[in-house]
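K.L.:
Once you've had a glance at the structure underneath, I'll fire off some questions.
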Amino acid sequence: MSLSFNMCSVGVRRSLTWRSLGPAALSAGSRRSCSSEHRTQQNTDPKRSIFRPPPSSTCDWIGPPNPLSNLRPIVYHVAENESELQRRLRNLRQETEDWNHEFWTKQNITFNKDRDSFIMSQLKAKGLTVRDEQGRRRFLNSEEMAEFYKSFLDQNRTRHMTYNKEWYRRNFTITLLMARVALTNMWKTVRHSKKKTSSPAS
């Protein structure tokens, strides 16, 4: 699968949070899965693009939504003269990005398969085929699908709660590292400014 990437704005790269404020509850944490109404993908291999931006790049790169996870892949910029603290931050952000992609890829594949099986079983119970006389695909109404959504959430409650806990843990660590990097950079700027003001005029 090939992905074309676009450069993100510096403002996005410097935002304090990794992606957003995160899922506040189970229903929010499940949103990507339960809102995925696209057809089941034929290729279920959650591979990431091997694309890497050129060394001259000064921004993070963000690609189009992945067809399996529905998430936009991010390749984080490697700063010139990257410090150990900056490297730890970048690696954790990239690892979290990959972990998130893998989770939602598997979750969406499971969701689509279970949804299709539910629809077929309900149609069979009604004595109906998957397609009508005109060849159009049959669908269940919202009330019938609500039964499946509730069942899916109940069956995956533990998995979603585990995901949410890990999501918060990773983003809390990322936020602390970003704060440390920002303070370190600020301190370097202050020291550099003091050196310039204290140096004798030529």
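We name chains A, B, ... following the order of the structure tokens; residues begin at 1 in each chain, and ligands are numbered from 1 as shown.
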Which residues are near range 147-149 of chain A? Cut-off 9 Å, only C-alpha atoms, ignore same chain within fewer than 6 positions. Put them as a list of chain:residue names.
P.N.:
A:Cys34, A:Asp114, A:Arg115, A:Phe118, A:Ile119
K.L.:
Could you write out that same residue set with C-alpha atoms as an mmCIF file, in the first residue's frame?
P.N.:
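Writing the result to out.cif gives the following:
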data_model
loop_
_atom_site.group_PDB
_atom_site.id
_atom_site.type_symbol
_atom_site.label_atom_id
_atom_site.label_comp_id
_atom_site.auth_asym_id
_atom_site.auth_seq_id
_atom_site.Cartn_x
_atom_site.Cartn_y
_atom_site.Cartn_z
ATOM 1 C CA CYS A 34 -18.290 1.620 15.782
ATOM 2 C CA ASP A 114 -18.879 -9.414 13.204
ATOM 3 C CA ARG A 115 -21.217 -6.802 11.731
ATOM 4 C CA PHE A 118 -24.855 -10.309 12.270
ATOM 5 C CA ILE A 119 -26.556 -8.790 9.229
#
K.L.:
Which residue gives the smallest distance to Trp104 in chain A among A:His160, A:Lys150, A:Arg90, A:His77, with only C-alpha atoms counted?
P.N.:
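So, comparing all the options, the nearest one is A:His160.
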K.L.:
Restricting the calculation to only C-alpha atoms: of A:Lys126, A:Asn70, A:Glu84, A:Val181, which residue gets closest to Ile109 in chain A?
P.N.:
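Ranking A:Lys126, A:Asn70, A:Glu84, A:Val181 by distance to Ile109 in chain A, first place goes to A:Asn70.
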K.L.:
Please give the complete set of residues from range 91-184 of chain A that DSSP, run on the backbone, assigns to alpha helix (DSSP H), formatted as a ChimeraX atom specification.
P.N.:
/A:91-125,142-155,157-184
K.L.:
Please report the interatomic distance between CA of Pro73 in chain A and CA of Asp60 in chain A in Å with one decimal.
P.N.:
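Computed distance, CA of Pro73 in chain A to CA of Asp60 in chain A, equals 10.5 Å.
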K.L.:
If you count only C-alpha atoms, which residues fall within 12 Å of Thr96 in chain A, apart from same-chain ones fewer than 2 positions away, as a list in words?
P.N.:
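Counting only the stated atoms, we get Trp18, Arg19, Pro73, Ile74, Val75, Tyr76, Leu89, Arg90, Asn91, Leu92, Arg93, Gln94, Asp98, Trp99, Asn100, His101, Glu102, Phe103, Tyr163, Glu166, Trp167, Tyr168, Arg169, Arg170, Asn171, Phe172, Thr173 and Ile174 of chain A.
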K.L.:
Which residue gives the smallest distance to Asn66 in chain A among A:Asn108, A:Arg88, A:Thr129, A:Ser83, with only C-alpha atoms counted?
P.N.:
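Smallest distance to Asn66 in chain A is found for A:Asn108.
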